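Peer 1: Dropping in data_25.cif, with mmCIF, C-alpha atoms.
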```cif
data_structure
loop_
_atom_site.label_atom_id
_atom_site.label_comp_id
_atom_site.auth_asym_id
_atom_site.auth_seq_id
_atom_site.Cartn_x
_atom_site.Cartn_y
_atom_site.Cartn_z
CA MET A 166 -11.71 26.67 -13.60
CA ALA A 167 -13.57 26.93 -10.32
CA LEU A 168 -11.81 28.70 -7.47
CA SER A 169 -12.24 25.57 -5.30
CA VAL A 170 -10.04 23.59 -7.69
CA TYR A 171 -7.23 26.17 -7.36
CA THR A 172 -7.64 26.17 -3.57
CA ARG A 173 -7.46 22.37 -3.47
CA ARG A 174 -4.35 22.29 -5.67
CA LEU A 175 -2.64 24.95 -3.57
CA ARG A 176 -3.44 23.01 -0.39
CA SER A 177 -2.17 19.69 -1.75
CA TRP A 178 0.98 21.38 -3.10
CA ALA A 179 1.65 23.07 0.26
CA TYR A 180 1.17 19.87 2.29
CA THR A 181 3.43 17.99 -0.10
CA HIS A 182 6.28 20.47 -0.31
CA VAL A 183 6.32 22.52 2.93
CA PRO A 184 7.89 20.39 5.71
CA GLY A 185 6.69 22.63 8.58
CA LEU A 186 3.10 22.30 7.43
CA ARG A 187 3.36 18.50 7.35
CA GLN A 188 4.74 18.41 10.87
CA LEU A 189 2.04 20.78 12.13
CA TRP A 190 -0.58 18.48 10.61
CA ALA A 191 1.08 15.43 12.18
CA ARG A 192 1.06 17.04 15.63
CA THR A 193 -2.49 18.31 15.50
CA THR A 194 -4.48 15.81 13.45
CA ARG A 195 -7.19 13.81 15.16
CA GLU A 196 -7.28 11.33 12.30
CA VAL A 197 -4.48 9.36 13.91
CA VAL A 198 -5.34 7.35 17.00
CA GLU A 199 -2.43 6.50 19.31
CA GLN A 200 -2.01 2.73 19.60
CA GLN A 201 -0.45 0.62 22.35
CA GLU A 202 -0.12 -3.12 21.64
CA ILE A 203 1.82 -3.98 18.50
CA PRO A 204 1.00 -7.18 16.56
CA TRP A 205 3.88 -9.26 15.24
CA ALA A 206 4.32 -12.08 12.72
CA ASP A 207 7.70 -13.66 12.00
CA LEU A 208 8.92 -13.85 8.41
CA ARG A 209 9.03 -17.63 7.94
CA THR A 210 10.08 -17.80 4.28
CA PRO A 211 13.43 -16.94 2.70
CA LEU A 212 13.10 -13.62 0.90
CA ARG A 213 13.95 -15.19 -2.47
CA ALA A 214 10.84 -17.41 -2.09
CA CYS A 215 8.50 -14.76 -0.64
CA ARG A 216 5.26 -13.85 -2.36
CA VAL A 217 5.12 -10.11 -1.75
CA ALA A 218 2.17 -7.70 -2.03
CA ALA A 219 2.35 -3.91 -2.11
CA ILE A 220 -0.33 -1.77 -0.50
CA THR A 221 -0.55 1.99 -0.84
CA THR A 222 -2.83 4.58 0.71
CA GLY A 223 -2.15 6.93 -2.19
CA GLY A 224 -5.51 6.54 -3.94
CA VAL A 225 -4.24 4.42 -6.86
CA HIS A 226 -6.82 2.45 -8.86
CA LEU A 227 -7.40 0.81 -12.23
CA LEU A 228 -8.68 3.11 -14.95
CA ASP A 229 -11.99 1.20 -15.04
CA GLN A 230 -12.51 0.97 -11.26
CA VAL A 231 -14.78 3.38 -9.38
CA PRO A 232 -12.56 6.29 -8.22
CA PHE A 233 -12.14 6.97 -4.49
CA ASN A 234 -14.87 9.28 -3.21
CA MET A 235 -13.42 12.77 -2.84
CA ARG A 236 -16.73 14.41 -2.00
CA ASP A 237 -16.90 12.88 1.49
CA PRO A 238 -14.80 15.00 3.90
CA GLN A 239 -14.26 11.88 6.06
CA GLY A 240 -12.61 10.08 3.16
CA ASP A 241 -13.33 6.77 1.46
CA PRO A 242 -12.57 3.65 3.51
CA SER A 243 -12.92 1.18 0.63
CA SER A 244 -10.06 -0.64 -1.11
CA ARG A 245 -9.22 -1.46 -4.73
CA ILE A 246 -7.48 -4.63 -5.90
CA ILE A 247 -4.59 -4.07 -8.31
CA PRO A 248 -4.02 -7.44 -10.01
CA ALA A 249 -0.44 -8.69 -10.24
CA GLY A 250 1.20 -7.61 -13.48
CA THR A 251 -0.95 -4.50 -13.99
CA PRO A 252 1.15 -2.01 -16.00
CA HIS A 253 1.47 1.59 -14.82
CA SER A 254 -0.47 2.64 -17.91
CA GLY A 255 -3.54 0.83 -16.57
CA LEU A 256 -3.58 2.84 -13.33
CA THR A 257 -4.53 6.31 -12.20
CA ILE A 258 -4.68 8.25 -8.91
CA THR A 259 -7.76 9.83 -7.33
CA HIS A 260 -6.69 11.68 -4.20
CA ASN A 261 -7.00 15.44 -3.65
CA TYR A 262 -4.94 15.75 -0.48
CA TYR A 263 -1.41 15.53 -1.86
CA ASP A 264 0.46 16.54 -4.99
CA HIS A 265 0.71 13.34 -7.04
CA ARG A 266 2.07 14.78 -10.30
CA ASP A 267 5.46 13.11 -9.72
CA ALA A 268 3.80 9.76 -8.93
CA GLU A 269 1.84 10.04 -12.18
CA ARG A 270 5.18 10.37 -14.04
CA ASP A 271 6.71 7.38 -12.22
CA LEU A 272 4.29 5.36 -10.12
CA ASP A 273 7.10 3.36 -8.51
CA ILE A 274 7.90 6.32 -6.23
CA LEU A 275 4.50 5.74 -4.58
CA PHE A 276 3.46 2.19 -5.39
CA PRO A 277 6.53 0.14 -6.40
CA ILE A 278 4.85 -2.73 -8.24
CA ALA A 279 7.15 -2.61 -11.29
CA LEU A 280 10.24 -2.35 -9.05
CA LEU A 281 9.07 -5.37 -7.03
CA ALA A 282 8.47 -7.27 -10.28
CA SER A 283 12.06 -6.48 -11.33
CA LEU A 284 13.29 -7.86 -7.97
CA ALA A 285 11.25 -11.02 -8.59
CA GLU A 286 12.87 -11.38 -12.03
CA ARG A 287 16.30 -11.10 -10.39
CA GLY A 288 15.41 -13.67 -7.75
CA VAL A 289 15.63 -11.24 -4.81
CA ILE A 290 12.00 -12.01 -3.92
CA GLY A 291 9.86 -14.92 -5.09
CA SER A 292 6.95 -13.19 -6.80
CA VAL A 293 4.57 -10.24 -6.65
CA ALA A 294 1.01 -11.04 -5.60
CA ASP A 295 -2.16 -9.08 -6.27
CA CYS A 296 -1.75 -5.69 -4.61
CA TYR A 297 -4.22 -3.30 -2.96
CA SER A 298 -4.83 0.42 -2.70
CA PHE A 299 -6.65 2.62 -0.23
CA MET A 300 -6.78 6.37 0.27
CA GLY A 301 -5.46 7.95 3.43
CA HIS A 302 -7.16 10.70 5.46
CA ILE A 303 -9.91 8.44 6.74
CA ALA A 304 -11.81 10.12 9.58
CA GLY A 305 -14.93 9.87 11.71
CA ALA A 306 -17.13 6.79 11.32
CA HIS A 307 -15.09 5.64 8.33
CA VAL A 308 -12.19 4.71 10.64
CA MET A 309 -14.39 1.94 12.07
CA THR A 310 -15.32 0.77 8.58
CA LEU A 311 -11.64 0.59 7.70
CA ALA A 312 -10.75 -1.20 10.94
CA GLN A 313 -13.66 -3.63 11.02
CA ARG A 314 -14.41 -4.24 7.37
CA SER A 315 -12.00 -3.05 4.64
CA ALA A 316 -8.64 -3.81 6.26
CA PRO A 317 -9.69 -7.29 7.58
CA GLU A 318 -11.14 -8.12 4.15
CA VAL A 319 -7.81 -7.28 2.46
CA ALA A 320 -5.94 -9.26 5.14
CA ARG A 321 -8.22 -12.25 4.41
CA LEU A 322 -7.56 -12.00 0.66
CA LEU A 323 -3.80 -11.76 1.27
CA LYS A 324 -3.96 -14.92 3.40
CA GLN A 325 -6.03 -16.63 0.73
CA GLN A 326 -3.37 -15.75 -1.86
CA GLN A 327 -0.69 -17.13 0.47
CA VAL A 328 1.16 -13.83 0.60
CA ASP A 329 4.33 -14.04 2.73
CA ALA A 330 5.06 -10.33 3.25
CA VAL A 331 3.51 -6.92 2.59
CA LEU A 332 5.13 -3.56 1.84
CA LEU A 333 2.97 -0.54 2.69
CA THR A 334 3.55 2.93 1.27
CA PRO A 335 1.75 6.16 2.19
CA ALA A 336 0.63 9.07 0.06
CA MET B 252 -1.92 3.15 6.98
CA GLY B 253 -0.68 1.96 10.35
CA LEU B 254 -4.10 0.47 11.02
CA ILE B 255 -3.94 -1.54 7.79
CA ALA B 256 -0.42 -2.78 8.56
CA ARG B 257 -1.45 -3.79 12.07
CA THR B 258 -4.52 -5.65 10.80
CA ILE B 259 -2.49 -7.62 8.23
CA GLU B 260 0.23 -8.40 10.77
CA ALA B 261 -2.39 -9.57 13.27
CA ALA B 262 -3.68 -11.94 10.57
CA GLY B 263 -0.21 -13.51 10.50
CA ILE B 264 1.51 -11.79 7.56
CA PRO B 265 4.66 -9.76 8.31
CA THR B 266 4.57 -6.16 7.09
CA VAL B 267 7.02 -3.33 6.57
CA SER B 268 5.68 0.23 6.29
CA ILE B 269 7.39 3.28 4.85
CA MET B 270 6.36 6.45 6.71
CA LEU B 271 7.21 10.09 6.14
CA LEU B 272 6.50 11.66 9.56
CA ARG B 273 7.99 10.53 12.88
CA GLU B 274 5.03 11.95 14.84
CA ILE B 275 2.64 9.69 12.92
CA ALA B 276 4.93 6.64 12.99
CA GLU B 277 5.26 6.86 16.79
CA LYS B 278 1.49 7.12 17.26
CA VAL B 279 0.27 4.42 14.88
CA LYS B 280 2.93 1.87 15.90
CA ALA B 281 3.18 -0.25 12.79
CA PRO B 282 5.18 -3.45 13.40
CA ARG B 283 8.19 -2.34 11.27
CA THR B 284 8.59 1.23 10.02
CA LEU B 285 11.16 2.67 7.64
CA LEU B 286 11.10 6.42 8.32
CA LEU B 287 12.10 8.83 5.56
CA ARG B 288 11.53 12.56 6.09
CA TRP B 289 10.57 13.17 2.48
CA PRO B 290 7.64 15.01 0.84
CA PHE B 291 4.21 13.41 0.74
CA GLY B 292 3.63 11.33 -2.36
CA HIS B 293 7.31 10.34 -2.64
CA PRO B 294 7.90 7.38 -0.27
CA LEU B 295 10.47 5.84 -2.65
CA GLY B 296 11.99 9.09 -3.84
CA GLU B 297 12.06 11.01 -7.06
CA PRO B 298 10.66 10.04 -10.47
CA GLY B 299 13.19 8.20 -12.61
CA ASN B 300 15.78 7.85 -9.84
CA ARG B 301 15.98 4.06 -9.88
CA ALA B 302 19.07 3.87 -7.67
CA GLN B 303 17.26 5.90 -4.99
CA GLN B 304 14.10 3.82 -5.28
CA LEU B 305 16.03 0.54 -5.06
CA THR B 306 17.98 1.87 -2.06
CA VAL B 307 14.67 2.47 -0.26
CA LEU B 308 13.34 -0.97 -1.21
CA HIS B 309 16.60 -2.52 -0.02
CA ALA B 310 16.29 -0.74 3.33
CA ALA B 311 12.64 -1.82 3.65
CA LEU B 312 13.36 -5.47 2.84
CA THR B 313 16.37 -5.48 5.17
CA LEU B 314 14.12 -4.20 7.96
CA LEU B 315 11.56 -6.88 7.08
CA VAL B 316 14.07 -9.70 7.52
CA GLU B 317 16.18 -8.28 10.36
CA ALA B 318 13.78 -6.55 12.78
CA THR B 319 13.01 -8.55 15.90
CA VAL B 320 11.27 -5.95 18.07
CA PRO B 321 7.61 -5.01 17.41
CA GLY B 322 7.34 -1.29 16.69
CA THR B 323 10.87 -0.89 15.31
CA ILE B 324 11.32 2.46 13.57
CA ALA B 325 14.44 2.52 11.38
CA GLU B 326 15.58 5.91 10.11
CA PRO B 327 18.41 5.62 7.56
CA GLY B 328 18.67 9.43 7.32
CA TYR B 329 18.69 9.73 3.55
CA ARG B 330 18.51 13.38 2.56
CA TRP B 331 15.83 14.40 0.10
CA ARG B 332 18.34 16.16 -2.11
CA ARG B 333 22.14 16.18 -2.36
CA GLU B 334 22.31 12.46 -1.62
CA HIS B 335 24.25 10.25 -4.02
CA TYR B 336 22.62 6.86 -4.55
CA THR B 337 24.09 3.75 -6.09
CA GLU B 338 22.13 0.59 -6.81
CA PRO B 339 22.40 -1.81 -3.86
CA GLY B 340 24.65 -4.80 -4.43
CA ALA B 341 23.83 -7.67 -2.09
CA TRP B 342 20.19 -8.08 -1.09
CA PRO B 343 19.05 -9.60 2.20
CA ALA B 344 18.19 -13.29 2.18
CA GLY B 345 16.15 -13.63 5.33
CA ILE B 346 15.99 -17.04 6.91
CA THR B 347 17.40 -19.93 4.89
CA GLN B 348 15.66 -23.24 4.62
#
```
For the structure just supplied, provide its representation as structure tokens.
Peer 2:
Amino acid sequence: MALSVYTRRLRSWAYTHVPGLRQLWARTTREVVEQQEIPWADLRTPLRACRVAAITTGGVHLLDQVPFNMRDPQGDPSSRIIPAGTPHSGLTITHNYYDHRDAERDLDILFPIALLASLAERGVIGSVADCYSFMGHIAGAHVMTLAQRSAPEVARLLKQQQVDAVLLTPA
Amino acid sequence: MGLIARTIEAAGIPTVSIMLLREIAEKVKAPRTLLLRWPFGHPLGEPGNRAQQLTVLHAALTLLVEATVPGTIAEPGYRWRREHYTEPGAWPAGITQ
């Protein structure tokens, strides 16, 4: 196995499991732009009637979708649709920047689509809509692509599907 | 992720975001943030721990229906280990029609 693969695994393990390293990254990263104004939309539907979508930035995608591009150091700003009802067995994770072995054992710890479906069955929420996945660590020019193209496109699709609320989970 | 949440919220759909680092949550200012100081890749907890995962979902949905201030960061303080979880009983209803 190439040395670079070991180096990458060691780095993703360290960032996942060493709290001090995560905090150092959070304090020093330039990937995160400080925001000021905060948008707001009221929840207008009772939770038991809400159509809920999950969105993760953990690099989840269908087995037959094009994987996220790990060769670009600025990340991959594109999204993947995860149709409602997709079983965990139909999904995989392409993301080199965190240790996702636990999420591969139980995807609900990262992307809780089966858990949300169980809440819909119990009547806690109304239903689970089509969900979406991105990868985090978007930098450079790709931030603009995410802000001006990919994220608005997903927002448009969510509106089109009459989604009432969205749960977002990070890698 | 904050950027995606903000874009969706600006389009008129309420969002709740789970985040794992306070420094990031305070910078990106998602509309509603549930902050858990847990390892990357584990926003709902450990594999197979359904009570823990449901507890997180319960906290997220409660924040979704109860928060009234843009930029709210709720930190329930669940420890990564040595925390005993039980499946939540009553779930939030939100507004009633």
Peer 1: Kindly provide, as number ranges by chain, the residues of chain A having any atom no farther than 7 Å from an atom of chain B, counting all atoms listed in the file.
Peer 2: A: 181-182, 191-192, 197-200, 203-208, 210-213, 222, 263-265, 267-268, 270-271, 274-275, 289, 301, 312, 316-317, 320, 329-336
Peer 1: With a distance cut-off of 10 Å and all atoms listed in the file, select the neighbouring residues of A:Arg314, excluding the residue or stretch itself and same-chain residues fewer than 6 positions from it, and output the selection as a VMD selection string.
Peer 2: chain A and resid 242 to 243 307 to 308
Peer 1: Using the chain letters and numbers from the file, which residues does the PyMOL selection byres ((chain A and resi 252) around 12) grab, as a ChimeraX atom specification?
Peer 2: /A:226-228,247-251,253-257,271-273,276-280,282
Peer 1: Let's have the selection written as a JSON list (two decimals), keeping the file's coordinate frame, with C-alpha atoms.
Peer 2:
```json
[["chain", "number", "residue", "atom", "x", "y", "z"],
["A", 226, "HIS", "CA", -6.82, 2.45, -8.86],
["A", 227, "LEU", "CA", -7.40, 0.81, -12.23],
["A", 228, "LEU", "CA", -8.68, 3.11, -14.95],
["A", 247, "ILE", "CA", -4.59, -4.07, -8.31],
["A", 248, "PRO", "CA", -4.02, -7.44, -10.01],
["A", 249, "ALA", "CA", -0.44, -8.69, -10.24],
["A", 250, "GLY", "CA", 1.20, -7.61, -13.48],
["A", 251, "THR", "CA", -0.95, -4.50, -13.99],
["A", 253, "HIS", "CA", 1.47, 1.59, -14.82],
["A", 254, "SER", "CA", -0.47, 2.64, -17.91],
["A", 255, "GLY", "CA", -3.54, 0.83, -16.57],
["A", 256, "LEU", "CA", -3.58, 2.84, -13.33],
["A", 257, "THR", "CA", -4.53, 6.31, -12.20],
["A", 271, "ASP", "CA", 6.71, 7.38, -12.22],
["A", 272, "LEU", "CA", 4.29, 5.36, -10.12],
["A", 273, "ASP", "CA", 7.10, 3.36, -8.51],
["A", 276, "PHE", "CA", 3.46, 2.19, -5.39],
["A", 277, "PRO", "CA", 6.53, 0.14, -6.40],
["A", 278, "ILE", "CA", 4.85, -2.73, -8.24],
["A", 279, "ALA", "CA", 7.15, -2.61, -11.29],
["A", 280, "LEU", "CA", 10.24, -2.35, -9.05],
["A", 282, "ALA", "CA", 8.47, -7.27, -10.28]]
```
Peer 1: Calculate how many Å separate atom CA of A:Ser292 from atom CA of A:Ile220, rounding to one decimal.
Peer 2: 14.9 Å
Peer 1: May I ask which of the residues A:Met300, A:Ala179, A:Leu186, A:Met235 is the closest one to A:Thr221, counting only C-alpha atoms?
Peer 2: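 The shortest atom-to-atom distance to A:Thr221 comes from A:Met300.
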Peer 1: Do you know which residues are at most 7 Å from A:Gly224 counting only C-alpha atoms, after dropping those on the same chain fewer than 4 positions away, and could you put them as a JSON list (two decimals) with C-alpha atoms, in the coordinates of the input?
Peer 2:
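Written out: selection.json:
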```
[["chain", "number", "residue", "atom", "x", "y", "z"],
["A", 233, "PHE", "CA", -12.14, 6.97, -4.49],
["A", 258, "ILE", "CA", -4.68, 8.25, -8.91],
["A", 259, "THR", "CA", -7.76, 9.83, -7.33],
["A", 260, "HIS", "CA", -6.69, 11.68, -4.20],
["A", 298, "SER", "CA", -4.83, 0.42, -2.70],
["A", 299, "PHE", "CA", -6.65, 2.62, -0.23],
["A", 300, "MET", "CA", -6.78, 6.37, 0.27]]
```
